[in-house]
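Below: structure.txt (compact mmCIF, C-alpha atoms)
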# COMPACT_ATOMS: atom_id res chain seq x y z
CA MET A 1 97.80 90.36 7.77
CA LYS A 2 100.53 92.25 9.51
CA LYS A 3 97.88 94.02 11.53
CA MET A 4 96.34 90.73 12.49
CA ILE A 5 99.68 89.19 13.54
CA PHE A 6 100.52 92.38 15.41
CA THR A 7 97.13 92.26 17.19
CA VAL A 8 97.60 88.57 18.08
CA ILE A 9 101.08 89.30 19.46
CA ILE A 10 99.73 92.21 21.55
CA CYS A 11 96.80 90.11 22.80
CA PHE A 12 99.13 87.24 23.63
CA SER A 13 101.51 89.63 25.44
CA LEU A 14 98.66 91.13 27.40
CA PHE A 15 97.44 87.65 28.26
CA LEU A 16 100.91 86.69 29.55
CA ILE A 17 101.16 89.91 31.55
CA GLY A 18 97.72 89.27 33.02
CA CYS A 19 98.65 85.73 33.97
CA SER A 20 101.81 86.83 35.69
CA ASN A 21 99.85 89.44 37.67
CA ASN A 22 97.42 86.75 38.80
CA GLU A 23 100.32 84.69 40.12
CA ASP A 24 101.69 87.76 41.93
CA ASN A 25 98.24 88.56 43.27
CA SER A 26 97.77 84.96 44.35
CA SER A 27 101.01 84.97 46.36
CA SER A 28 100.18 88.40 47.80
CA ILE A 29 96.74 87.17 48.83
CA LYS A 30 98.30 84.12 50.52
CA ASP A 31 100.75 86.39 52.37
CA TYR A 32 97.92 88.62 53.56
CA GLU A 33 95.85 85.62 54.64
CA ALA A 34 98.82 84.32 56.64
CA GLN A 35 99.27 87.72 58.29
CA ILE A 36 95.54 87.87 59.10
CA ASP A 37 95.72 84.40 60.66
CA GLU A 38 98.72 85.41 62.77
CA LEU A 39 96.98 88.61 63.91
CA GLN A 40 93.80 86.71 64.77
CA THR A 41 95.80 84.25 66.85
CA GLU A 42 97.63 87.08 68.62
CA ASN A 43 94.31 88.87 69.20
CA GLU A 44 92.82 85.76 70.84
CA GLN A 45 95.88 85.38 73.07
CA LEU A 46 95.64 89.03 74.15
CA LYS A 47 91.93 88.65 74.89
CA GLU A 48 92.70 85.62 77.07
CA GLU A 49 95.42 87.56 78.93
CA ILE A 50 93.07 90.49 79.56
CA GLN A 51 90.37 88.14 80.81
CA LYS A 52 92.87 86.45 83.14
CA LEU A 53 94.06 89.81 84.47
CA ASN A 54 90.49 90.94 85.06
CA SER A 55 89.79 87.68 86.83
CA ASP A 56 92.94 88.03 88.99
CA TYR A 57 92.04 91.60 89.93
CA SER A 58 88.53 90.52 90.82
CA VAL A 59 89.81 87.72 93.04
CA TYR A 60 92.37 90.00 94.72
CA LEU A 61 89.75 92.70 95.27
CA GLN A 62 87.16 90.35 96.75
CA HIS A 63 89.66 88.69 99.08
CA ALA A 64 91.30 91.94 100.18
CA ASP A 65 87.98 93.68 100.78
CA LYS A 66 86.55 90.82 102.84
CA THR A 67 89.71 90.45 104.91
CA SER A 68 90.01 94.21 105.50
CA ARG A 69 86.40 94.53 106.62
CA ASP A 70 86.79 91.51 108.92
CA MET A 71 89.89 93.09 110.46
CA MET A 72 88.06 96.39 111.01
CA ARG A 73 85.23 94.49 112.69
CA LEU A 74 87.73 92.83 115.05
CA ILE A 75 89.31 96.21 115.84
CA ASN A 76 85.88 97.71 116.52
CA GLU A 77 84.99 94.76 118.79
CA GLU A 78 88.38 95.17 120.51
CA ASN A 79 89.12 91.53 119.75
CA TYR A 80 92.86 92.11 119.42
CA ASP A 81 93.96 88.56 120.26
CA GLN A 82 91.93 87.13 117.37
CA LEU A 83 93.29 89.88 115.10
CA LYS A 84 96.84 88.85 115.98
CA THR A 85 96.10 85.13 115.65
CA ASP A 86 93.95 85.07 112.50
CA TYR A 87 95.94 87.60 110.48
CA ASN A 88 99.41 87.39 112.00
CA ALA A 89 99.10 91.13 112.63
CA GLU A 90 101.74 92.96 114.62
CA PHE A 91 100.61 96.12 116.39
CA GLU A 92 100.43 97.93 119.66
CA ILE A 93 97.63 99.88 121.30
CA LYS A 94 98.72 103.25 122.60
CA ASP A 95 96.78 106.40 123.56
CA GLY A 96 93.53 105.21 121.94
CA GLU A 97 95.25 104.28 118.68
CA ILE A 98 96.29 101.03 117.09
CA ILE A 99 99.73 101.26 115.52
CA PHE A 100 100.56 98.49 113.05
CA THR A 101 104.16 97.45 112.52
CA ALA A 102 105.10 98.55 109.00
CA PRO A 103 108.34 98.51 107.01
CA GLU A 104 110.83 101.28 107.77
CA ASN A 105 110.15 103.04 104.48
CA VAL A 106 106.43 103.40 105.36
CA ASN A 107 105.59 106.39 107.51
CA SER A 108 102.19 105.73 109.06
CA ALA A 109 100.22 107.48 111.74
CA GLY A 110 98.38 105.54 114.41
CA PHE A 111 94.80 104.59 113.65
CA PRO A 112 92.29 106.01 116.17
CA LEU A 113 90.24 103.11 117.55
CA GLU A 114 87.07 105.20 117.55
CA GLN A 115 87.20 105.36 113.75
CA SER A 116 86.94 101.59 113.36
CA ASN A 117 83.14 101.77 113.33
CA PHE A 118 82.96 104.49 110.63
CA PRO A 119 81.42 103.54 107.29
CA MET A 120 84.06 102.33 104.81
CA SER A 121 84.16 102.95 101.07
CA ILE A 122 86.92 101.77 98.77
CA SER A 123 89.17 104.62 97.67
CA ASN A 124 91.78 102.71 95.70
CA PHE A 125 92.91 99.24 94.75
CA ASN A 126 96.43 98.54 93.48
CA VAL A 127 97.94 95.22 92.45
CA GLN A 128 101.67 95.73 92.32
CA PRO A 129 104.50 93.28 91.56
CA GLU A 130 105.28 92.80 95.26
CA ASN A 131 101.92 93.38 97.01
CA VAL A 132 98.25 94.29 96.85
CA GLU A 133 96.93 97.49 98.45
CA ILE A 134 93.32 98.34 99.15
CA GLY A 135 92.55 101.76 100.55
CA TYR A 136 89.38 102.92 102.23
CA TYR A 137 87.83 106.21 103.11
CA LEU A 138 86.36 106.18 106.57
CA ASP A 139 83.61 108.76 106.84
CA ASP A 140 82.75 110.47 110.12
CA LEU A 141 79.09 111.18 109.50
CA ASN A 142 78.89 113.62 112.45
CA SER A 143 81.63 115.96 111.25
CA ASP A 144 81.78 115.21 107.50
CA GLU A 145 85.47 114.34 107.88
CA ARG A 146 87.05 111.65 105.76
CA PHE A 147 90.04 109.54 106.74
CA LEU A 148 92.20 107.29 104.56
CA ILE A 149 93.43 103.87 105.67
CA THR A 150 95.22 101.33 103.48
CA PHE A 151 95.58 97.59 103.99
CA VAL A 152 98.58 95.88 102.39
CA TYR A 153 98.66 92.17 101.48
CA ASP A 154 101.27 90.00 99.82
CA LEU A 155 100.40 88.44 96.46
CA ASP A 156 99.13 85.30 98.21
CA GLY A 157 96.57 87.41 100.08
CA ASN A 158 98.31 87.32 103.47
CA PHE A 159 97.98 90.47 105.56
CA GLN A 160 101.18 92.51 105.85
CA TYR A 161 100.36 95.83 107.52
CA ILE A 162 98.06 98.85 107.61
CA TYR A 163 99.07 102.43 107.08
CA VAL A 164 97.02 105.51 107.83
CA GLY A 165 97.02 108.54 105.56
CA ASP A 166 99.00 109.01 102.39
CA VAL A 167 102.45 107.44 102.11
Mind turning this structure into structure tokens?
Amino acid sequence: MKKMIFTVIICFSLFLIGCSNNEDNSSSIKDYEAQIDELQTENEQLKEEIQKLNSDYSVYLQHADKTSRDMMRLINEENYDQLKTDYNAEFEIKDGEIIFTAPENVNSAGFPLEQSNFPMSISNFNVQPENVEIGYYLDDLNSDERFLITFVYDLDGNFQYIYVGDV
């Protein structure tokens, strides 16, 4: 009989211990589910932000590329008045080069007018907190030389200036 009572007490104790573990496990599972829900929500928000950034970059790139190519066409056609009017561009023509007015901290060479008809390929695209830059390689197919020119726009897509070479 003592063995039976002892066995019942042990079984009952084990049952109570098991029940208390289930309650602990239940609260732990609820905590983990809450954390998973929070992480899923955060993940969705981050995905939306990435998609928005990709969309913004795409819009900036398309606008900057179109505008830059239009400006190069106007330079090639020597349609300087329209360049000044349409893009509010400030520049002077001197010794066969077009020299765009740039901020004092930008050291830019003049852009040779003869290069305005060279094929253009995008070399870099940078969206920065204060502006958007799109750089192009201009390839002289006769001499295999490559020149770098960069167009700078404000964040609203308005033309600011052009610099030639590396800054």
d(CA of Val132 in chain A, CA of Gln62 in chain A) in Å
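CA of Gln62 in chain A lies 11.8 Å from CA of Val132 in chain A.
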With a cut-off of 10 Å, could you pull out the residues of range 110-147 of chain A touching range 71-95 of chain A and give me the nearest pair of atoms for each, distance in Å to one decimal, using all atoms listed in the file, ordered by chain and ascending number, as a Markdown table?
| residue | atom | partner | partner_atom | distance |
| --- | --- | --- | --- | --- |
| A:Gly110 | CA | A:Lys94 | CA | 8.5 |
| A:Phe111 | CA | A:Ile93 | CA | 9.4 |
| A:Pro112 | CA | A:Asp95 | CA | 8.7 |
| A:Leu113 | CA | A:Asn76 | CA | 7.0 |
| A:Glu114 | CA | A:Asn76 | CA | 7.7 |
| A:Gln115 | CA | A:Asn76 | CA | 8.2 |
| A:Ser116 | CA | A:Asn76 | CA | 5.1 |
| A:Asn117 | CA | A:Asn76 | CA | 5.8 |
| A:Phe118 | CA | A:Asn76 | CA | 9.4 |
| A:Met120 | CA | A:Met72 | CA | 9.5 |
Expected file: the selected residues, C-alpha atoms, as a PDB file, in the coordinates of the input:
ATOM      1  CA  GLY A 110      98.380 105.540 114.410  1.00  0.00           C
ATOM      2  CA  PHE A 111      94.800 104.590 113.650  1.00  0.00           C
ATOM      3  CA  PRO A 112      92.290 106.010 116.170  1.00  0.00           C
ATOM      4  CA  LEU A 113      90.240 103.110 117.550  1.00  0.00           C
ATOM      5  CA  GLU A 114      87.070 105.200 117.550  1.00  0.00           C
ATOM      6  CA  GLN A 115      87.200 105.360 113.750  1.00  0.00           C
ATOM      7  CA  SER A 116      86.940 101.590 113.360  1.00  0.00           C
ATOM      8  CA  ASN A 117      83.140 101.770 113.330  1.00  0.00           C
ATOM      9  CA  PHE A 118      82.960 104.490 110.630  1.00  0.00           C
ATOM     10  CA  MET A 120      84.060 102.330 104.810  1.00  0.00           C
TER      11      MET A 120
END
Would you list the contacts of Phe151 in chain A as an MDAnalysis selection string, taking every protein, DNA or RNA residue within 10 Å and counting only C-alpha atoms, but skipping same-chain residues closer than 6 positions in sequence?
chainID A and resid 64:65 67:68 71 125 132:136 159:164
Given the choices A:Glu38, A:Asn43, A:Ile149, A:Asp156, which gets closest to Ile99 in chain A if the distance is worked out from only C-alpha atoms?
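Under the stated criterion, the closest residue is A:Ile149.
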I'd like to know which of A:Asn142, A:Val152, A:Gln40, A:Asn158 is closest to Pro103 in chain A, using only C-alpha atoms.
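Nearest candidate to Pro103 in chain A out of A:Asn142, A:Val152, A:Gln40, A:Asn158: A:Val152.
Using only C-alpha atoms for every distance, the candidate list A:Ser108, A:Asp37, A:Arg69, A:Pro119 yields A:Pro119 as the residue closest to Glu145 in chain A.
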Separation of CA of Thr101 in chain A from CA of Glu130 in chain A, in Å and rounded to one decimal
17.9 Å
So the first atom is CA of Val127 in chain A and the second is CA of Arg146 in chain A; what is the distance between them in Å, to one decimal place?
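Going from CA of Val127 in chain A over to CA of Arg146 in chain A, I get 23.8 Å.
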Please fill the gaps in range 156-167 of chain A so it has all heavy atoms, and write that as a short mmCIF file (atom, residue, chain, number, x, y, z; two decimals), in the frame of the given file.
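File result.cif, as written:
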data_model
loop_
_atom_site.label_atom_id
_atom_site.label_comp_id
_atom_site.auth_asym_id
_atom_site.auth_seq_id
_atom_site.Cartn_x
_atom_site.Cartn_y
_atom_site.Cartn_z
N ASP A 156 99.89 86.49 97.84
CA ASP A 156 99.13 85.30 98.21
C ASP A 156 97.91 85.66 99.05
O ASP A 156 97.18 84.77 99.49
CB ASP A 156 100.01 84.32 98.98
CG ASP A 156 101.10 83.73 98.11
OD1 ASP A 156 100.86 83.55 96.90
OD2 ASP A 156 102.20 83.46 98.64
N GLY A 157 97.72 86.96 99.32
CA GLY A 157 96.57 87.41 100.08
C GLY A 157 96.78 87.45 101.58
O GLY A 157 95.84 87.66 102.34
N ASN A 158 98.02 87.27 102.04
CA ASN A 158 98.31 87.32 103.47
C ASN A 158 98.50 88.77 103.90
O ASN A 158 99.22 89.53 103.26
CB ASN A 158 99.57 86.51 103.78
CG ASN A 158 99.41 85.06 103.40
OD1 ASN A 158 98.41 84.43 103.72
ND2 ASN A 158 100.38 84.53 102.69
N PHE A 159 97.88 89.12 105.02
CA PHE A 159 97.98 90.47 105.56
C PHE A 159 99.42 90.82 105.89
O PHE A 159 100.15 90.00 106.45
CB PHE A 159 97.10 90.60 106.82
CG PHE A 159 97.28 91.89 107.53
CD1 PHE A 159 96.72 93.06 107.02
CD2 PHE A 159 98.01 91.96 108.70
CE1 PHE A 159 96.90 94.27 107.67
CE2 PHE A 159 98.19 93.16 109.36
CZ PHE A 159 97.63 94.32 108.85
N GLN A 160 99.84 92.03 105.54
CA GLN A 160 101.18 92.51 105.85
C GLN A 160 101.14 93.61 106.90
O GLN A 160 101.73 93.47 107.96
CB GLN A 160 101.87 93.03 104.59
CG GLN A 160 102.05 91.97 103.51
CD GLN A 160 103.00 90.89 103.96
OE1 GLN A 160 104.16 91.15 104.24
NE2 GLN A 160 102.52 89.67 104.04
N TYR A 161 100.46 94.72 106.58
CA TYR A 161 100.36 95.83 107.52
C TYR A 161 99.29 96.80 107.05
O TYR A 161 98.74 96.67 105.96
CB TYR A 161 101.71 96.55 107.68
CG TYR A 161 102.28 97.11 106.40
CD1 TYR A 161 102.02 98.43 106.01
CD2 TYR A 161 103.09 96.33 105.56
CE1 TYR A 161 102.54 98.94 104.83
CE2 TYR A 161 103.60 96.84 104.40
CZ TYR A 161 103.33 98.13 104.03
OH TYR A 161 103.84 98.65 102.87
N ILE A 162 99.01 97.78 107.90
CA ILE A 162 98.06 98.85 107.61
C ILE A 162 98.82 100.16 107.76
O ILE A 162 99.61 100.32 108.68
CB ILE A 162 96.86 98.84 108.59
CG1 ILE A 162 96.03 97.58 108.38
CG2 ILE A 162 96.01 100.09 108.41
CD1 ILE A 162 94.89 97.44 109.38
N TYR A 163 98.57 101.08 106.85
CA TYR A 163 99.07 102.43 107.08
C TYR A 163 97.92 103.42 106.98
O TYR A 163 96.95 103.21 106.27
CB TYR A 163 100.26 102.79 106.19
CG TYR A 163 100.01 102.85 104.71
CD1 TYR A 163 99.55 104.01 104.11
CD2 TYR A 163 100.31 101.75 103.90
CE1 TYR A 163 99.35 104.07 102.75
CE2 TYR A 163 100.10 101.81 102.54
CZ TYR A 163 99.63 102.97 101.96
OH TYR A 163 99.43 103.03 100.61
N VAL A 164 98.07 104.49 107.73
CA VAL A 164 97.02 105.51 107.83
C VAL A 164 97.52 106.75 107.11
O VAL A 164 98.67 107.16 107.28
CB VAL A 164 96.71 105.83 109.30
CG1 VAL A 164 95.67 106.92 109.41
CG2 VAL A 164 96.23 104.56 110.01
N GLY A 165 96.65 107.33 106.31
CA GLY A 165 97.02 108.54 105.56
C GLY A 165 97.73 108.19 104.28
O GLY A 165 97.78 107.04 103.85
N ASP A 166 98.27 109.21 103.64
CA ASP A 166 99.00 109.01 102.39
C ASP A 166 100.46 108.69 102.70
O ASP A 166 101.04 109.25 103.61
CB ASP A 166 98.98 110.28 101.53
CG ASP A 166 97.58 110.58 101.04
OD1 ASP A 166 96.82 109.61 100.79
OD2 ASP A 166 97.23 111.77 100.92
N VAL A 167 101.03 107.78 101.92
CA VAL A 167 102.45 107.44 102.11
C VAL A 167 103.26 108.11 101.03
O VAL A 167 102.89 108.21 99.91
CB VAL A 167 102.64 105.91 102.06
CG1 VAL A 167 104.12 105.57 102.11
CG2 VAL A 167 101.95 105.25 103.22
#
